[in-house]
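**Student:** Here you go, protein.txt (compact mmCIF, C-alpha atoms):
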```
# COMPACT_ATOMS: atom_id res chain seq x y z
CA MET A 1199 134.84 -9.98 -17.95
CA ARG A 1200 131.28 -8.75 -18.37
CA PRO A 1201 131.23 -4.96 -17.92
CA ILE A 1202 128.88 -2.98 -15.72
CA LEU A 1203 127.30 -0.16 -17.75
CA MET A 1204 126.93 3.08 -15.79
CA LYS A 1205 124.61 5.65 -17.34
CA GLY A 1206 124.39 8.90 -15.44
CA HIS A 1207 125.81 11.48 -17.82
CA GLU A 1208 123.89 12.95 -20.74
CA ARG A 1209 127.00 14.14 -22.59
CA PRO A 1210 130.42 12.65 -23.42
CA LEU A 1211 132.73 11.64 -20.56
CA THR A 1212 135.92 13.66 -20.08
CA PHE A 1213 137.70 12.21 -17.01
CA LEU A 1214 137.62 9.37 -14.48
CA LYS A 1215 139.33 9.22 -11.08
CA TYR A 1216 139.33 6.63 -8.28
CA ASN A 1217 139.90 7.59 -4.67
CA ARG A 1218 142.92 6.11 -2.87
CA GLU A 1219 141.00 3.18 -1.36
CA GLY A 1220 139.43 2.34 -4.70
CA ASP A 1221 135.86 2.14 -3.37
CA LEU A 1222 134.66 5.37 -5.07
CA LEU A 1223 134.85 6.41 -8.72
CA PHE A 1224 134.47 10.07 -9.71
CA SER A 1225 133.44 10.97 -13.26
CA CYS A 1226 133.47 14.25 -15.20
CA ALA A 1227 131.56 14.96 -18.40
CA LYS A 1228 130.43 17.77 -20.67
CA ASP A 1229 127.03 17.83 -18.91
CA HIS A 1230 128.19 20.13 -16.04
CA ASN A 1231 127.63 17.53 -13.27
CA PRO A 1232 130.57 15.64 -11.72
CA THR A 1233 129.26 12.34 -10.34
CA VAL A 1234 130.43 9.81 -7.74
CA TRP A 1235 129.79 6.05 -8.01
CA PHE A 1236 130.41 2.93 -5.96
CA ALA A 1237 133.40 1.36 -7.69
CA ASP A 1238 132.47 -2.26 -7.05
CA ASN A 1239 128.89 -2.41 -8.38
CA GLY A 1240 128.53 0.85 -10.34
CA ASP A 1241 125.70 2.31 -8.25
CA ARG A 1242 125.46 6.08 -8.45
CA LEU A 1243 125.99 7.76 -5.08
CA GLY A 1244 125.50 11.41 -5.93
CA VAL A 1245 126.03 14.42 -8.16
CA TYR A 1246 127.92 17.66 -7.47
CA ARG A 1247 125.75 20.47 -8.82
CA GLY A 1248 127.08 23.99 -9.37
CA HIS A 1249 129.11 24.15 -12.59
CA ASN A 1250 127.69 25.87 -15.67
CA GLY A 1251 129.98 24.34 -18.27
CA ALA A 1252 131.72 21.13 -19.28
CA VAL A 1253 133.81 19.67 -16.45
CA TRP A 1254 137.22 18.63 -17.78
CA CYS A 1255 139.07 17.19 -14.81
CA CYS A 1256 138.84 16.29 -11.13
CA ASP A 1257 140.90 14.99 -8.24
CA VAL A 1258 140.05 13.65 -4.81
CA SER A 1259 142.05 14.19 -1.63
CA ARG A 1260 143.95 11.36 0.04
CA ASP A 1261 141.34 11.08 2.83
CA SER A 1262 138.47 11.13 0.28
CA ARG A 1263 136.89 14.18 1.95
CA ARG A 1264 137.55 16.85 -0.68
CA LEU A 1265 136.89 16.88 -4.41
CA ILE A 1266 138.34 19.48 -6.77
CA THR A 1267 136.88 20.02 -10.26
CA GLY A 1268 137.95 22.19 -13.20
CA SER A 1269 135.38 23.45 -15.68
CA ALA A 1270 134.85 25.40 -18.89
CA ASP A 1271 132.71 27.85 -16.86
CA GLN A 1272 136.02 29.48 -15.79
CA THR A 1273 135.89 28.11 -12.24
CA VAL A 1274 137.60 25.45 -10.17
CA LYS A 1275 135.42 24.26 -7.30
CA LEU A 1276 136.17 22.50 -4.03
CA TRP A 1277 133.47 20.11 -2.75
CA ASP A 1278 132.72 18.11 0.35
CA VAL A 1279 132.69 14.55 -1.03
CA GLN A 1280 130.17 13.16 1.45
CA SER A 1281 127.54 15.92 1.45
CA GLY A 1282 128.04 17.32 -2.06
CA THR A 1283 128.32 20.83 -0.60
CA GLN A 1284 130.37 23.36 -2.55
CA LEU A 1285 133.12 24.60 -0.21
CA TYR A 1286 134.85 27.17 -2.40
CA SER A 1287 135.04 28.41 -5.98
CA PHE A 1288 138.24 29.71 -7.58
CA ASN A 1289 137.36 32.12 -10.41
CA PHE A 1290 139.50 32.63 -13.51
CA ASP A 1291 139.40 34.71 -16.70
CA SER A 1292 139.46 31.63 -18.93
CA PRO A 1293 138.29 27.99 -18.84
CA ALA A 1294 140.03 25.73 -16.30
CA ARG A 1295 141.35 22.51 -17.79
CA ALA A 1296 143.45 20.36 -15.41
CA VAL A 1297 143.44 20.06 -11.61
CA GLU A 1298 145.43 17.95 -9.16
CA PHE A 1299 146.04 17.94 -5.41
CA SER A 1300 149.66 17.78 -4.28
CA VAL A 1301 150.97 15.01 -2.03
CA GLY A 1302 149.56 16.07 1.35
CA ASP A 1303 146.61 17.94 -0.21
CA LYS A 1304 147.90 21.35 0.90
CA LEU A 1305 148.34 22.64 -2.65
CA ALA A 1306 146.55 22.25 -5.97
CA VAL A 1307 147.89 22.75 -9.48
CA ILE A 1308 145.41 24.18 -12.00
CA THR A 1309 145.75 24.97 -15.71
CA THR A 1310 143.72 27.54 -17.63
CA ASP A 1311 143.14 27.65 -21.39
CA PRO A 1312 144.20 30.37 -23.83
CA PHE A 1313 141.20 32.68 -24.11
CA MET A 1314 140.45 36.13 -25.56
CA GLY A 1315 144.10 36.96 -26.19
CA GLN A 1316 145.37 35.49 -22.92
CA THR A 1317 147.93 32.69 -22.90
CA SER A 1318 147.47 29.42 -21.08
CA THR A 1319 148.65 29.36 -17.46
CA ILE A 1320 149.68 26.90 -14.77
CA GLN A 1321 148.65 28.13 -11.32
CA VAL A 1322 149.27 26.79 -7.82
CA LYS A 1323 146.71 27.46 -5.08
CA ARG A 1324 147.06 26.85 -1.37
CA ILE A 1325 144.28 24.59 -0.04
CA SER A 1326 143.17 25.40 3.52
CA ARG A 1327 142.09 22.66 5.90
CA ASP A 1328 139.24 24.90 7.05
CA PRO A 1329 137.05 25.97 4.08
CA ASN A 1330 136.21 29.25 5.87
CA GLU A 1331 139.87 30.27 5.68
CA GLN A 1332 140.24 29.45 1.98
CA VAL A 1333 141.52 32.27 -0.22
CA GLY A 1334 141.63 32.50 -4.01
CA ASP A 1335 145.15 33.92 -4.46
CA SER A 1336 147.68 31.96 -6.52
CA ILE A 1337 151.06 31.38 -4.89
CA LEU A 1338 152.59 30.68 -8.30
CA THR A 1339 151.50 31.53 -11.85
CA ILE A 1340 153.43 30.23 -14.85
CA LYS A 1341 152.62 31.72 -18.24
CA GLY A 1342 152.23 28.67 -20.43
CA PRO A 1343 153.43 27.91 -23.93
CA GLN A 1344 151.38 28.37 -27.10
CA GLY A 1345 148.14 26.41 -27.20
CA ARG A 1346 146.21 24.61 -24.52
CA ILE A 1347 147.78 22.71 -21.62
CA ASN A 1348 145.69 19.54 -21.37
CA ARG A 1349 147.33 18.10 -18.26
CA ALA A 1350 149.50 19.29 -15.39
CA VAL A 1351 150.50 16.99 -12.52
CA TRP A 1352 152.85 17.13 -9.54
CA GLY A 1353 156.26 15.54 -9.85
CA PRO A 1354 157.99 13.55 -7.07
CA LEU A 1355 157.74 15.17 -3.60
CA ASN A 1356 155.85 18.17 -5.10
CA LYS A 1357 159.19 19.64 -6.20
CA THR A 1358 158.19 19.84 -9.86
CA ILE A 1359 155.13 20.20 -12.09
CA ILE A 1360 154.86 18.15 -15.29
CA SER A 1361 152.74 19.64 -18.09
CA ALA A 1362 151.70 18.59 -21.59
CA GLY A 1363 149.25 19.81 -24.20
CA GLU A 1364 148.56 21.01 -27.71
CA ASP A 1365 152.14 21.80 -28.72
CA SER A 1366 153.12 18.12 -28.07
CA VAL A 1367 156.03 19.06 -25.77
CA ILE A 1368 156.22 17.70 -22.22
CA ARG A 1369 157.70 20.19 -19.78
CA LEU A 1370 159.14 19.97 -16.27
CA TRP A 1371 158.76 23.10 -14.12
CA ASP A 1372 160.15 24.03 -10.72
CA SER A 1373 157.06 24.24 -8.48
CA GLU A 1374 158.52 26.98 -6.24
CA THR A 1375 160.10 29.37 -8.75
CA GLY A 1376 158.12 28.49 -11.89
CA GLN A 1377 161.38 28.04 -13.81
CA LEU A 1378 161.34 25.72 -16.83
CA LEU A 1379 163.74 22.88 -16.00
CA LYS A 1380 163.45 20.54 -18.96
CA GLU A 1381 161.54 19.83 -22.17
CA SER A 1382 160.95 16.53 -23.92
CA ASP A 1383 163.11 15.83 -26.96
CA LYS A 1384 161.46 16.89 -30.24
CA GLU A 1385 162.81 13.87 -32.11
CA THR A 1386 161.76 11.10 -29.71
CA GLY A 1387 158.75 12.91 -28.19
CA HIS A 1388 155.18 13.19 -29.42
CA GLN A 1389 154.49 14.77 -32.79
CA LYS A 1390 150.90 15.89 -32.14
CA THR A 1391 148.69 17.09 -29.25
CA VAL A 1392 149.17 15.24 -25.95
CA ALA A 1393 145.64 14.47 -24.80
CA SER A 1394 146.31 12.62 -21.54
CA LEU A 1395 148.99 12.20 -18.91
CA VAL A 1396 148.81 9.78 -15.98
CA LYS A 1397 151.35 8.94 -13.27
CA SER A 1398 152.30 5.49 -12.03
CA SER A 1399 151.12 4.60 -8.52
CA ASP A 1400 154.54 5.45 -7.02
CA GLY A 1401 154.98 8.59 -9.14
CA SER A 1402 158.37 7.49 -10.51
CA HIS A 1403 157.18 7.43 -14.14
CA PHE A 1404 154.22 8.59 -16.18
CA LEU A 1405 152.38 7.71 -19.37
CA THR A 1406 151.25 10.15 -22.07
CA GLY A 1407 148.73 9.55 -24.83
CA SER A 1408 148.77 11.59 -28.02
CA LEU A 1409 146.81 12.19 -31.21
CA ASP A 1410 149.94 10.99 -33.08
CA LYS A 1411 148.63 7.44 -32.43
CA SER A 1412 151.12 6.55 -29.72
CA ALA A 1413 151.52 6.43 -25.96
CA LYS A 1414 154.88 6.98 -24.29
CA LEU A 1415 156.30 6.13 -20.87
CA TRP A 1416 158.63 8.71 -19.27
CA ASP A 1417 160.82 9.06 -16.18
CA SER A 1418 159.26 11.67 -13.85
CA ARG A 1419 162.55 13.19 -12.68
CA THR A 1420 164.59 13.30 -15.88
CA LEU A 1421 161.93 13.24 -18.66
CA THR A 1422 163.84 10.32 -20.19
CA LEU A 1423 161.73 8.38 -22.67
CA ILE A 1424 161.44 4.77 -21.47
CA LYS A 1425 158.93 3.03 -23.75
CA THR A 1426 156.65 3.76 -26.73
CA TYR A 1427 153.37 1.96 -27.51
CA VAL A 1428 152.25 2.37 -31.11
CA THR A 1429 148.63 1.92 -32.15
CA GLU A 1430 146.50 2.73 -35.20
CA ARG A 1431 144.20 5.31 -33.65
CA PRO A 1432 144.56 8.70 -31.95
CA VAL A 1433 145.05 8.13 -28.21
CA ASN A 1434 142.69 10.17 -26.00
CA ALA A 1435 143.23 8.34 -22.71
CA CYS A 1436 145.69 6.00 -21.03
CA ALA A 1437 146.26 4.32 -17.68
CA ILE A 1438 148.98 2.28 -15.93
CA SER A 1439 148.11 -0.91 -14.03
CA PRO A 1440 149.23 -0.68 -10.37
CA LEU A 1441 149.42 -4.48 -10.17
CA LEU A 1442 150.83 -5.93 -13.39
CA ASP A 1443 153.21 -4.68 -16.07
CA HIS A 1444 150.31 -3.55 -18.24
CA VAL A 1445 149.17 -0.25 -19.69
CA VAL A 1446 145.79 0.40 -21.29
CA ILE A 1447 145.23 3.01 -23.97
CA GLY A 1448 142.01 4.13 -25.61
CA GLY A 1449 140.80 6.60 -28.19
CA GLY A 1450 139.33 6.46 -31.65
CA GLN A 1451 138.81 8.91 -34.43
CA ASP A 1452 137.74 12.46 -33.94
CA ALA A 1453 134.15 12.99 -32.80
CA SER A 1454 133.27 14.78 -36.05
CA ALA A 1455 133.94 11.61 -38.08
CA VAL A 1456 132.22 9.18 -35.72
CA THR A 1457 128.72 9.33 -37.16
CA ARG A 1458 129.94 8.10 -40.51
CA THR A 1459 131.25 4.74 -39.30
CA ASP A 1460 130.16 1.79 -37.20
CA HIS A 1461 131.81 0.92 -33.90
CA ARG A 1462 134.13 -1.65 -35.51
CA ALA A 1463 135.57 0.77 -38.06
CA GLY A 1464 136.03 3.53 -35.49
CA LYS A 1465 138.50 1.47 -33.42
CA PHE A 1466 136.88 2.33 -30.13
CA GLU A 1467 138.20 -0.51 -27.96
CA ALA A 1468 140.60 -0.19 -25.04
CA LYS A 1469 143.95 -1.79 -25.96
CA PHE A 1470 146.21 -3.48 -23.43
CA PHE A 1471 149.98 -3.39 -23.93
CA HIS A 1472 152.78 -5.05 -22.00
CA LYS A 1473 154.57 -2.21 -20.24
CA ILE A 1474 158.08 -3.64 -20.67
CA LEU A 1475 157.85 -5.48 -23.99
CA GLU A 1476 155.72 -2.78 -25.71
CA GLU A 1477 153.57 -5.51 -27.30
CA GLU A 1478 149.79 -5.45 -27.60
CA ILE A 1479 148.30 -8.25 -25.46
CA GLY A 1480 144.56 -7.71 -25.78
CA GLY A 1481 141.62 -5.40 -26.20
CA VAL A 1482 138.21 -4.68 -24.68
CA LYS A 1483 135.42 -3.58 -27.01
CA GLY A 1484 132.15 -1.93 -26.08
CA HIS A 1485 131.98 1.82 -26.55
CA PHE A 1486 130.03 3.29 -29.49
CA GLY A 1487 132.38 6.24 -29.82
CA PRO A 1488 135.92 7.28 -28.91
CA ILE A 1489 137.17 6.50 -25.41
CA ASN A 1490 137.89 9.79 -23.63
CA ALA A 1491 138.80 8.56 -20.14
CA LEU A 1492 140.47 5.51 -18.57
CA ALA A 1493 141.36 4.66 -14.98
CA PHE A 1494 142.63 1.60 -13.12
CA ASN A 1495 141.30 0.84 -9.66
CA PRO A 1496 144.21 1.25 -7.19
CA ASP A 1497 143.91 -2.47 -6.35
CA GLY A 1498 144.56 -3.30 -10.03
CA ARG A 1499 141.63 -5.73 -10.21
CA SER A 1500 139.29 -3.59 -12.26
CA PHE A 1501 139.35 -0.64 -14.63
CA SER A 1502 136.79 1.77 -16.02
CA SER A 1503 136.45 3.58 -19.33
CA GLY A 1504 134.38 6.61 -20.27
CA GLY A 1505 133.33 7.35 -23.82
CA GLU A 1506 131.92 9.87 -26.22
CA ASP A 1507 128.70 7.80 -25.98
CA GLY A 1508 128.06 9.06 -22.41
CA TYR A 1509 128.56 5.65 -20.80
CA ILE A 1510 131.06 4.50 -18.19
CA ARG A 1511 131.99 0.83 -18.54
CA LEU A 1512 133.31 -0.82 -15.38
CA HIS A 1513 135.34 -3.98 -16.01
CA HIS A 1514 136.27 -6.42 -13.24
CA PHE A 1515 139.08 -8.71 -14.37
CA ASP A 1516 138.62 -12.48 -14.33
CA SER A 1517 141.11 -14.52 -12.35
CA ASP A 1518 142.82 -15.74 -15.52
CA TYR A 1519 143.79 -12.14 -16.37
CA PHE A 1520 146.31 -12.25 -13.53
CA THR A 1521 148.08 -15.21 -15.11
CA ILE A 1522 149.03 -13.08 -18.15
CA LYS A 1523 152.54 -12.27 -16.98
CA MET A 1524 154.15 -12.93 -20.37
```
Kindly transcribe the structure held in the file into structure tokens.
**Tutor:**
Amino acid sequence: MRPILMKGHERPLTFLKYNREGDLLFSCAKDHNPTVWFADNGDRLGVYRGHNGAVWCCDVSRDSRRLITGSADQTVKLWDVQSGTQLYSFNFDSPARAVEFSVGDKLAVITTDPFMGQTSTIQVKRISRDPNEQVGDSILTIKGPQGRINRAVWGPLNKTIISAGEDSVIRLWDSETGQLLKESDKETGHQKTVASLVKSSDGSHFLTGSLDKSAKLWDSRTLTLIKTYVTERPVNACAISPLLDHVVIGGGQDASAVTRTDHRAGKFEAKFFHKILEEEIGGVKGHFGPINALAFNPDGRSFSSGGEDGYIRLHHFDSDYFTIKM
């Protein structure tokens, strides 16, 4: 499994996202320029220019025509995927952190950071089919808990919003009323900041990665804890295989401590765990810094990782990987 090295960002990676067909890979980094790549050979297709700050998150519509990006420059932008044209810019009073299209692409959930005395928020925007009719008003604004909300995603059938962040609690919100429906249990839940949250391909469960050196699998409707994967490093990123019962988690020590160690001591490889048995089954080395982003191709035959070193590593699995059923 020789990786393809993709160098297009000058700063650390923050997020990776495949489109539904799995032929395009979108990357976000702290260098202001979201980028799109061919997912099979790693060729760079283009860059979306317009942000003036680190880009934290992105999502692509089901038909691969629209891209939405959230940035520290206090904007969320809509782009035409093919031309790179900026279609609309939502402006906020604080940095935007997480973005995701709803099922059907008619809504988007956006989180904003605490800033200058303001609390974090979760906001829902209506996305118009015609960019000329797009308006910036929020149809729902939820005042968030203390600290930053690192991820917010849609629950099953867009009926709920699932959020997680600095206070380590995972919350389930009603997407129409904004009412808090459920919180994760303090005993069994994460003990430190939740850095990543990713849904399974069918949306029935989701995986969270935390700085408490664990990743946890949850039921999307009930917030029931299903599985816990324990590792020896802070977890910055995680992903669920759409094909096999595998999850991959990645991280490493904090960026401030990285310069004082070599890549072996920093524990910067991506670790594979069996989703059901919770056992570690392998690892992929390569990054010279913590892994900040992970994503599986929707076909399950490749995955990509983005690191503090500014590289994206694209891994196509060998045929013998698919015999690891355990």
**Student:** Rank A:Gln1344, A:Thr1267, A:Thr1339, A:Ser1408 by their smallest atom-to-atom distance to Thr1317 in chain A, using all atoms listed in the file, and report the top residue only.
**Tutor:**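 Of A:Gln1344, A:Thr1267, A:Thr1339, A:Ser1408, the one nearest Thr1317 in chain A is A:Gln1344, counting all atoms listed in the file.
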**Student:** I'd like the contact shell of range 1390-1395 of chain A - 7 Å cut-off, all atoms listed in the file, skipping same-chain residues fewer than 2 positions apart - returned as number ranges by chain.
**Tutor:** A: 1348-1349, 1362-1366, 1388, 1397, 1404-1410, 1434-1436
**Student:** For range 1409-1499 of chain A versus range 1216-1219 of chain A, which residues have an atom no more than 12 Å away, and what is each residue's nearest atom pair and distance in Å rounded to one decimal, using all atoms listed in the file, chain-then-number order, as a Markdown table?
**Tutor:**
```
| residue | atom | partner | partner_atom | distance |
| --- | --- | --- | --- | --- |
| A:Ala1437 | CA | A:Tyr1216 | CA | 11.9 |
| A:Pro1440 | CA | A:Arg1218 | CA | 11.9 |
| A:Leu1492 | CA | A:Tyr1216 | CA | 10.4 |
| A:Ala1493 | CA | A:Tyr1216 | CA | 7.3 |
| A:Phe1494 | CA | A:Tyr1216 | CA | 7.7 |
| A:Asn1495 | CA | A:Tyr1216 | CA | 6.3 |
| A:Pro1496 | CA | A:Arg1218 | CA | 6.6 |
| A:Asp1497 | CA | A:Glu1219 | CA | 8.1 |
| A:Gly1498 | CA | A:Tyr1216 | CA | 11.4 |
```
**Student:** Report, in Å to a single decimal, how far apart CA of Asn1490 in chain A and CA of Gly1387 in chain A are.
**Tutor:**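 That distance, rounded to one decimal, is 21.6 Å.
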**Student:** When distances are computed from only C-alpha atoms, which of A:Asp1383, A:Phe1501, A:Ser1439, A:Gly1240 shows the smallest separation from Thr1422 in chain A?
**Tutor:** A:Asp1383
**Student:** Could you please give me, as a PyMOL selection string, the residues of protein, DNA or RNA lying at most 7 Å from (147.3, 20.4, 4.2) in the coordinate frame of the file, considering all atoms listed in the file?
**Tutor:** chain A and resi 1302-1304+1325-1327
**Student:** Hey, which of A:Gln1280, A:Ser1361, A:Asn1239, A:Ser1269 ends up closest to Ser1318 in chain A? Count only C-alpha atoms.
**Tutor:** A:Ser1361
**Student:** Pick from A:Arg1200, A:Val1482, A:Glu1374, A:Asp1278: nearest to Val1322 in chain A, with only C-alpha atoms counted?
**Tutor:**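 Answer, going by the shortest atom-to-atom distance: A:Glu1374.
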**Student:** Would you mind telling me which residue in A:Leu1214, A:Val1367, A:Val1445, A:Ile1340 lies nearest to Val1258 in chain A when using all atoms listed in the file?
**Tutor:** A:Leu1214
**Student:** Taking all atoms listed in the file into account, which of A:Gly1449, A:Thr1386, A:Ile1359, A:Trp1277 comes nearest Gly1504 in chain A?
**Tutor:**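 Result for the nearest residue to Gly1504 in chain A: A:Gly1449.
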**Student:** Quick one, how far is CA of His1207 in chain A from CA of Ala1227 in chain A?
**Tutor:**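 Distance reported for this atom pair: 6.7 Å.
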**Student:** What does the structure give for the distance between CA of Ser1373 in chain A and CA of Ile1438 in chain A, in Å to one decimal?
**Tutor:** 24.6 Å
**Student:** Using all atoms listed in the file, what residues lie at most 7 Å away from (138.4, 4.2, -30.7) (file coordinates), given as a tab-separated table (two decimals) with C-alpha atoms, in the coordinates of the input?
**Tutor:**
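Below you can see point_6.tsv, which holds the result:
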```
chain	number	residue	atom	x	y	z
A	1431	ARG	CA	144.20	5.31	-33.65
A	1448	GLY	CA	142.01	4.13	-25.61
A	1449	GLY	CA	140.80	6.60	-28.19
A	1450	GLY	CA	139.33	6.46	-31.65
A	1451	GLN	CA	138.81	8.91	-34.43
A	1464	GLY	CA	136.03	3.53	-35.49
A	1465	LYS	CA	138.50	1.47	-33.42
A	1466	PHE	CA	136.88	2.33	-30.13
A	1467	GLU	CA	138.20	-0.51	-27.96
A	1487	GLY	CA	132.38	6.24	-29.82
A	1488	PRO	CA	135.92	7.28	-28.91
A	1489	ILE	CA	137.17	6.50	-25.41
```
**Student:** Determine, counting all atoms listed in the file, which protein, DNA and RNA residues have an atom within 6 Å of an atom of range 1309-1312 of chain A; residues of the same chain fewer than 3 positions away are not included. Present the result as a PyMOL selection string.
**Tutor:** chain A and resi 1292-1296+1316-1320+1346
**Student:** Hey, what's within 8 Å of Val1274 in chain A if we count all atoms listed in the file and toss same-chain stuff fewer than 6 positions away? As a VMD selection string, please?
**Tutor:** chain A and resid 1266 to 1268 1287 to 1289 1294
